Each structure stands twice: as C-alpha cells, then as structure tokens.
Amino acid sequence: MSLVKDLIEKVKVKNPAEPEFHQAVEEVMESLELTVERHPEFVKANIYERIVEPDRAILFRVPWADDKGDVHVQKGFRVQYNNAIGPYKGGLRFHPSVNLGIIKFLGFEQVFKNSLTTLPMGGGKGGSDFDPKGKSDGEVMRFCQAFMRELFRHIGPNTDVPAGDIGVGGREIGYLYGYYKKLRNEHTGVLTGKGLEYGGSLIRPEATGYGAVYFAAEMLNVKGETLEGKTALVSGSGNVAQYTVEKLLDLGGKPVTMSDSGGYIYDEAGIDREKLAFVMDLKNLRRGRIKEYVEKFSSAVYTPVDQGKDHNPLWNHKANCAFPSATQNEINAKDAKNLLNNGVNVISEGANMPTTPEGIEVFMEAKIMYGLGKAANAGGVAVSGLEMSQNSLRYNWTREEVDQKLQGIMKSIHKAAYETSEAYGAAGNYPLGANIAGFLKVAKSMLAYGVV
Ligand code: NDP
C-alpha cells in the first residue's frame with residue numbers, strides 16, 4: 001500500500017466515528033501523493049503523519065442559564081491544529097451538529113487554507129453544540145460569556161486568534177471579546193471579526209463572500225471570460241451568502257437562489273440590491289426564515305428542502321455558476337450532475353467542504369472550473385489576518401485599501417493553485433494545486449523545526 005493510502009487507513013482507525021474528519025484528510029492526502037516522490041525529506045521526517053495529528057484538542061464544559069433560570073450544559077471545543085507558520089487561527093462554530101470530528105475537519109482544512117493566503121497564520125478551529133436559533137440576546141450573551149470563561153486561558157494574540165463561523169457573527173464576537181477583555185484586563189487583537197468601533201477591520205464581514213466571487217472571476221479570466229451576465233445559484237443566506245450575492249451584483253452577475261436549513265427561494269427575475277437588503281434585514285436583525293422572501297417578492301418561489309433527500313432541488317436550475325455558501329456536504333454526486341446538466345461550469349465554494357468526494361469526482365471528470373473551499377473561501381481569514389496586523393500596528397486601513405489587499409490575495413491564491421497544478425502536470429486542477437501549495441509551506445517549516 002502507498003504511504004498515503006496507509007496513512008488514510010491509520011487515521012480512520014485512530015479517529016473512529018469522525019466521518020467529516022476522515023473525508024477532509026482523504027481529500028488532502030490524495031492530492032499529496034505526488035509530493036511523496038519529490039520530497040523524500042518529508043517522508044524521512046514523517047511529516048505526513050505529523051501534519052494530520054492536531055497539536056492539541058481542548059474539550060470543555062459550558063454551563064449556562066436560560067431566561068427562565070433553567071441550567072443547560074453544552075460541549076466546548078478548541079482544536080489547535082498546527083502553528084508552524086503563525087499563531088493558530090480559525091473560527092468558532094455554534095451549531096447543534098458540532099462535534100469533535102467536525103471541528104477537527106475544519107481545523108485541518110484551515111491549516112492549508114491559511115498557508116495559501118500568504119499571511120503568517122497557523123490553523124485552528126473551535127465551537128460548541130449550542131444552537132443560537134430562537135435564543136434571546138441575553139441567553140446568547142450568557143452562553144458566550146460561559147464559553148469564554150474557559151477559552152480565554154488557551155488563546156492570545158500571539159497564540160491563538162479565533163473568529164466567527166456558522167452561528168457566530170458580529171453579535172457573538174462582541175460578547176466573546178467583551179468578556180475576554182474583562183477577564184484578562186487587556187484590549188488586544190485576540191479575536192477577529194470585531195466591530196469597527198473596537199478594533200475590527202473594514203471589509204471583514206464581506207471578505208469571505210467577496211473573496212469567493214473574486215476567485216470565480218480569476219478562474220474565468222484564465223478562459224478570457226467574466227461574470228458579467230452570468231446566472232448564479234447561491235446557497236445559504238448567512239454572512240457568506242449575503243456578500244457573495246452583493247459582489248455578484250457588483251460584477252454584473254445575476255444571483256437567483258438563497259436558502260436556509262428550511263428550504264430555498266428561486267427568484268427567476270434575479271435577487272437585486274433591494275431584495276438583498278431585505279434578506280440582510282431579515283437574517284441579521286429580525287433573525288427570520290428565508291421563506292418570508294416570497295411573501296414580499298412575488299417573482300420568487302419557495303421550496304422546502306428535506307435534509308435527508310437524495311438531492312437538493314436548489315442545484316437543479318438553469319445557471320452558469322454555483323456558490324455553495326451554507327455548510328459541508330451540501331452537493332452530492334446527483335446534485336453535481338444536475339448542476340452540469342443545467343449548464344453550470346464554474347463552482348466557487350464559499351462554504352467549507354460543501355461538495356462530497358463523489359460530487360468532486362463528477363466535477364473533475366467534467367473538467368469544469370472547480371474552486372474548492374480552502375482556496376475560494378480563504379478571503380475571510382485573509383482579512384482576519386489583516387485585522388490582526390492592524391491591531392498590532394494600532395492602525396486602520398481604509399475600505400479601499402483592505403478591498404485591494406483582499407483582491408490581491410485572492411489573485412495570489414489563484415495563481416499559486418493554478419501554477420502548482422501545472423507544475424504537477426494537472427493544469428487547472430485547483431484541488432490538487434491548492435492542497436500541494438498550502439502543504440509545502442507548512443511542511444518545510446515543520447522540517448526546519450526538527451522533531452517537535
Ligand atoms: P452563517 O451562520 O452566517 O450562515 C449559515 C447559513 O447556512 C444559514 O443560512 C444557515 O441556515 C445555513 N445552514 C447552516 N447549516 C445548514 C445545514 N445543515 N443545512 C442547510 N443549511 C444550513 O454562517 P457563514 O455564512 O459564516 O458560514 C457558511 C459557510 O461558510 C460555512 O461552511 C462556514 O464554515 C464557511 N466559511 C465561513 C467563513 C466566514 O468568514 N464566516 C470563512 C470561511 C468559510 P439556518 O439559518 O437555517 O441555520
């Protein structure tokens with residue numbers, strides 16, 4: 001058996017019942033097969049096995065009281081995956097589906113993604129099985145404070161810098177940061193995604209969505225095309241989806257779908273700026289459901305989605321490109337085939353690992369422009385890196401400066417992924433190029449440190 005196949009099997013045995021983690025390791029490791037022959041020094045130092053094992057995983061109890069005074073207990077996680085090239089960096093996810101395997105998959109992905117950004121950031125991820133949906137502001141605040149009561153001792157601006165992810169937006173970051181500041185008695189850049197008034201960066205909320213669209217534009221540019229006039233399917237209606245839609249509109253695209261875990265809306269007339277403003281108000285302030293869109297805009301149709309079904313009808317509409325921006329494994333092989341049959345030939349993943357391995361195979365066989373998450377959605381963490389720099393410098397860049405840096409970083413990521421795919425004889429295979437490019441920098445650093 002090859003070194004890589006052997007390692008994948010070992011990971012499955014050593015980490016039972018963590019299917020998302022196995023999936024992420026398999027996806028990356030299969031791309032790294034080609035590096036084994038070219039880098040005997042990595043094999044000798046056993047870098048491959050060392051890189052799949054997190055530096056440490058911290059598990060903790062998070063007790064909190066609801067508005068009625070009833071006490072609940074949640075699980076808390078922070079996986080500090082790899083700090084070879086910089087402090088651990090990666091978001092916090094609050095969602096009932098969160099477990100150790102999901103946090104490990106996200107942390108593992110983050111190592112390679114952060115390396116690709118060209119900025120000095122290691123990889124980590126954390127979160128809780130807490131569900132913010134339907135909770136009052138007071139309940140969310142008390143939960144965030146209880147979470148930080150343990151997390152604060154493990155993080156720091158030069159150690160580990162968390163940020164948001166699913167269920168953790170501006171409100172949650174405010175509560176988390178406020179409590180860290182209180183506990184430590186210091187105002188320092190320990191979290192990113194902060195409010196502008198207290199150390200946040202302009203364009204951070206927009207960065208992941210904008211970045212995913214910039215990445216799509218870069219892929220199209222290779223073929224001499226643009227997003228102008230292209231119809232786009234977008235899933236999700238949270239942070240990433242909203243700013244994906246906004247940037248698509250800026251670049252002349254026509255987004256026609258958005259969703260949440262209940263279902264999706266299809267608006268044949270296109271989601272324009274007025275409709276997007278409605279969605280932002282609905283989701284960010286009123287915390288409502290996407291189905292309310294059709295009560296306001298009669299051009300749209302709402303379809304409930306059964307999560308257990310064999311395909312998601314959102315991916316079965318005529319379009320040119322798709323921006324999955326909700327969650328992992330939201331496109332399976334059947335969805336992938338539906339996308340191709342409907343004319344989609346550009347996929348730019350705002351979400352982390354939204355396509356199953358079978359779905360990826362469909363895209364790779366069809367040789368379409370497939371921008372995997374760790375490259376396409378790296379804009380968010382890249383601007384988080386810029387927020388860390390601004391906090392250290394005690395300086396703020398303007399909106400235009402941050403946006404320009406973001407565009408520059410997305411171009412560099414695209415270039416690194418594309419050129420590495422060429423160097424390994426598979427031009428345009430972005431998963432291969434991105435995984436290898438992200439890996440090489442971390443592996444070389446680990447090698448330099450010796451066995452630590
Ligand atoms: P939000 O919480 O703001 O939005 C998530 C959206 O996805 C919501 O519309 C939510 O619907 C939907 N969703 C969540 N879980 C499911 C599910 N199991 N099935 C169907 N829909 C679901 O999160 P973000 O926009 O921040 O994150 C979206 C994706 O992007 C995630 O994969 C995240 O890891 C990734 N990402 C985010 C970054 C960031 O900067 N925020 C950076 C890089 C990647 P509902 O409200 O019903 O739950």
# chains A, B, ... in the order shown; residues from 1 in each chain; ligands from 1
$ closest_atom_pairs --of "chain A" --to "ligand 1" --cutoff "7 Å" --atoms "only C-alpha atoms and all ligand atoms" --output "JSON lines"
{"residue": "A:Gly164", "atom": "CA", "partner": "ligand 1", "partner_atom_place_in_ligand_line": "41 (N)", "distance": 5.7}
{"residue": "A:Asp165", "atom": "CA", "partner": "ligand 1", "partner_atom_place_in_ligand_line": "26 (O)", "distance": 4.3}
{"residue": "A:Ile166", "atom": "CA", "partner": "ligand 1", "partner_atom_place_in_ligand_line": "2 (O)", "distance": 3.4}
{"residue": "A:Gly167", "atom": "CA", "partner": "ligand 1", "partner_atom_place_in_ligand_line": "2 (O)", "distance": 4.0}
{"residue": "A:Val168", "atom": "CA", "partner": "ligand 1", "partner_atom_place_in_ligand_line": "2 (O)", "distance": 6.4}
{"residue": "A:Gly169", "atom": "CA", "partner": "ligand 1", "partner_atom_place_in_ligand_line": "3 (O)", "distance": 6.5}
{"residue": "A:Pro205", "atom": "CA", "partner": "ligand 1", "partner_atom_place_in_ligand_line": "40 (O)", "distance": 6.9}
{"residue": "A:Ala207", "atom": "CA", "partner": "ligand 1", "partner_atom_place_in_ligand_line": "40 (O)", "distance": 6.8}
{"residue": "A:Thr208", "atom": "CA", "partner": "ligand 1", "partner_atom_place_in_ligand_line": "40 (O)", "distance": 5.0}
{"residue": "A:Gly236", "atom": "CA", "partner": "ligand 1", "partner_atom_place_in_ligand_line": "9 (O)", "distance": 3.8}
{"residue": "A:Ser237", "atom": "CA", "partner": "ligand 1", "partner_atom_place_in_ligand_line": "9 (O)", "distance": 3.9}
{"residue": "A:Gly238", "atom": "CA", "partner": "ligand 1", "partner_atom_place_in_ligand_line": "4 (O)", "distance": 3.3}
{"residue": "A:Asn239", "atom": "CA", "partner": "ligand 1", "partner_atom_place_in_ligand_line": "25 (O)", "distance": 3.8}
{"residue": "A:Val240", "atom": "CA", "partner": "ligand 1", "partner_atom_place_in_ligand_line": "25 (O)", "distance": 3.9}
{"residue": "A:Ala241", "atom": "CA", "partner": "ligand 1", "partner_atom_place_in_ligand_line": "25 (O)", "distance": 5.9}
{"residue": "A:Ser259", "atom": "CA", "partner": "ligand 1", "partner_atom_place_in_ligand_line": "9 (O)", "distance": 5.8}
{"residue": "A:Asp260", "atom": "CA", "partner": "ligand 1", "partner_atom_place_in_ligand_line": "11 (O)", "distance": 3.5}
{"residue": "A:Ser261", "atom": "CA", "partner": "ligand 1", "partner_atom_place_in_ligand_line": "20 (C)", "distance": 3.6}
{"residue": "A:Gly262", "atom": "CA", "partner": "ligand 1", "partner_atom_place_in_ligand_line": "47 (O)", "distance": 5.8}
{"residue": "A:Gln307", "atom": "CA", "partner": "ligand 1", "partner_atom_place_in_ligand_line": "19 (N)", "distance": 6.8}
{"residue": "A:Ser325", "atom": "CA", "partner": "ligand 1", "partner_atom_place_in_ligand_line": "29 (C)", "distance": 5.0}
{"residue": "A:Ala326", "atom": "CA", "partner": "ligand 1", "partner_atom_place_in_ligand_line": "7 (O)", "distance": 3.4}
{"residue": "A:Thr327", "atom": "CA", "partner": "ligand 1", "partner_atom_place_in_ligand_line": "32 (O)", "distance": 3.9}
{"residue": "A:Gln328", "atom": "CA", "partner": "ligand 1", "partner_atom_place_in_ligand_line": "32 (O)", "distance": 5.7}
{"residue": "A:Gly350", "atom": "CA", "partner": "ligand 1", "partner_atom_place_in_ligand_line": "30 (O)", "distance": 5.3}
{"residue": "A:Ala351", "atom": "CA", "partner": "ligand 1", "partner_atom_place_in_ligand_line": "30 (O)", "distance": 3.4}
{"residue": "A:Asn352", "atom": "CA", "partner": "ligand 1", "partner_atom_place_in_ligand_line": "32 (O)", "distance": 4.2}
{"residue": "A:Pro354", "atom": "CA", "partner": "ligand 1", "partner_atom_place_in_ligand_line": "32 (O)", "distance": 7.0}
{"residue": "A:Asn377", "atom": "CA", "partner": "ligand 1", "partner_atom_place_in_ligand_line": "43 (C)", "distance": 5.0}
{"residue": "A:Ala378", "atom": "CA", "partner": "ligand 1", "partner_atom_place_in_ligand_line": "43 (C)", "distance": 6.2}
{"residue": "A:Gly380", "atom": "CA", "partner": "ligand 1", "partner_atom_place_in_ligand_line": "40 (O)", "distance": 4.4}
{"residue": "A:Val381", "atom": "CA", "partner": "ligand 1", "partner_atom_place_in_ligand_line": "42 (C)", "distance": 6.3}
$ select_by_dssp --residues "stretch 285-382 of chain A" --states "helix (DSSP H, G or I)" --output "PyMOL selection string"
chain A and resi 285+290-296+313-315+333-341+357-366+373-376+379-382
$ closest_atom_pairs --of "stretch 168-287 of chain A" --to "stretch 156-161 of chain A" --cutoff "8 Å" --atoms "only C-alpha atoms" --output "Markdown table"
| residue | atom | partner | partner_atom | distance |
| --- | --- | --- | --- | --- |
| A:Thr188 | CA | A:Pro157 | CA | 6.7 |
| A:Gly189 | CA | A:Pro157 | CA | 5.4 |
| A:Val190 | CA | A:Pro157 | CA | 4.5 |
| A:Leu191 | CA | A:Val161 | CA | 5.2 |
| A:Thr192 | CA | A:Val161 | CA | 7.1 |
$ write_last_selection --atoms "all heavy atoms" --output "short mmCIF file (atom, residue, chain, number, x, y, z; two decimals), in the first residue's frame"
data_model
loop_
_atom_site.label_atom_id
_atom_site.label_comp_id
_atom_site.auth_asym_id
_atom_site.auth_seq_id
_atom_site.Cartn_x
_atom_site.Cartn_y
_atom_site.Cartn_z
N THR A 188 -6.70 43.70 23.28
CA THR A 188 -5.69 43.19 22.36
C THR A 188 -6.35 42.38 21.25
O THR A 188 -7.49 41.94 21.41
CB THR A 188 -4.69 42.32 23.17
OG1 THR A 188 -3.65 41.90 22.33
CG2 THR A 188 -5.37 41.09 23.75
N GLY A 189 -5.65 42.21 20.12
CA GLY A 189 -6.27 41.58 18.96
C GLY A 189 -6.42 40.07 19.07
O GLY A 189 -5.87 39.32 18.27
N VAL A 190 -7.20 39.61 20.03
CA VAL A 190 -7.30 38.17 20.28
C VAL A 190 -8.42 37.49 19.49
O VAL A 190 -8.45 36.27 19.37
CB VAL A 190 -7.48 37.91 21.79
CG1 VAL A 190 -8.87 38.36 22.25
CG2 VAL A 190 -7.22 36.47 22.16
N LEU A 191 -9.36 38.29 18.99
CA LEU A 191 -10.42 37.73 18.14
C LEU A 191 -10.49 38.60 16.89
O LEU A 191 -10.19 39.80 16.97
CB LEU A 191 -11.79 37.82 18.84
CG LEU A 191 -12.08 36.92 20.03
CD1 LEU A 191 -13.42 37.32 20.65
CD2 LEU A 191 -12.14 35.46 19.63
N THR A 192 -10.89 38.04 15.78
CA THR A 192 -11.14 38.87 14.60
C THR A 192 -12.63 38.81 14.25
O THR A 192 -13.34 37.93 14.72
CB THR A 192 -10.27 38.46 13.40
OG1 THR A 192 -10.53 37.08 13.11
CG2 THR A 192 -8.80 38.68 13.69
#
$ residues_around --residues "A:Leu432" --least-positions-apart "3" --cutoff "6 Å" --atoms "only C-alpha atoms" --output "MDAnalysis selection string"
chainID A and resid 31 429 435
$ select_by_dssp --residues "stretch 116-177 of chain A" --states "strand (DSSP E)" --output "compact mmCIF listing (two decimals) with N, CA and C atoms, in the first residue's frame"
# COMPACT_ATOMS: atom_id res chain seq x y z
N GLY A 123 -3.24 27.04 11.86
CA GLY A 123 -4.64 26.64 11.71
C GLY A 123 -5.24 26.14 13.02
N GLY A 124 -6.49 26.50 13.26
CA GLY A 124 -7.23 26.00 14.42
C GLY A 124 -8.71 26.19 14.18
N LYS A 125 -9.53 25.62 15.01
CA LYS A 125 -10.99 25.80 14.88
C LYS A 125 -11.62 25.43 16.21
N GLY A 126 -12.80 25.97 16.47
CA GLY A 126 -13.46 25.64 17.74
C GLY A 126 -14.95 25.81 17.62
N GLY A 127 -15.64 25.66 18.75
CA GLY A 127 -17.07 25.86 18.70
C GLY A 127 -17.80 25.11 19.79
N SER A 128 -19.11 24.99 19.56
CA SER A 128 -19.96 24.36 20.56
C SER A 128 -21.21 23.83 19.89
N ASP A 160 -3.30 32.08 19.69
CA ASP A 160 -4.47 31.51 19.01
C ASP A 160 -5.51 32.63 18.91
N VAL A 161 -5.94 32.90 17.69
CA VAL A 161 -6.84 34.04 17.45
C VAL A 161 -8.12 33.54 16.77
N PRO A 162 -9.19 33.22 17.54
CA PRO A 162 -10.43 32.75 16.93
C PRO A 162 -11.20 33.86 16.18
N ALA A 163 -12.22 33.43 15.44
CA ALA A 163 -13.08 34.35 14.67
C ALA A 163 -14.47 33.72 14.60
$ closest_residue --among "A:Glu41, A:Glu150, A:Glu292, A:Asp403" --to "A:Tyr210" --atoms "only C-alpha atoms"
A:Asp403
$ closest_residue --among "A:His39, A:Arg273, A:Lys230, A:Lys283" --to "A:Val245" --atoms "only C-alpha atoms"
A:Arg273
$ atom_distance --atom1 "atom CA of A:Glu18" --atom2 "atom CA of A:Ile102"
7.3 Å
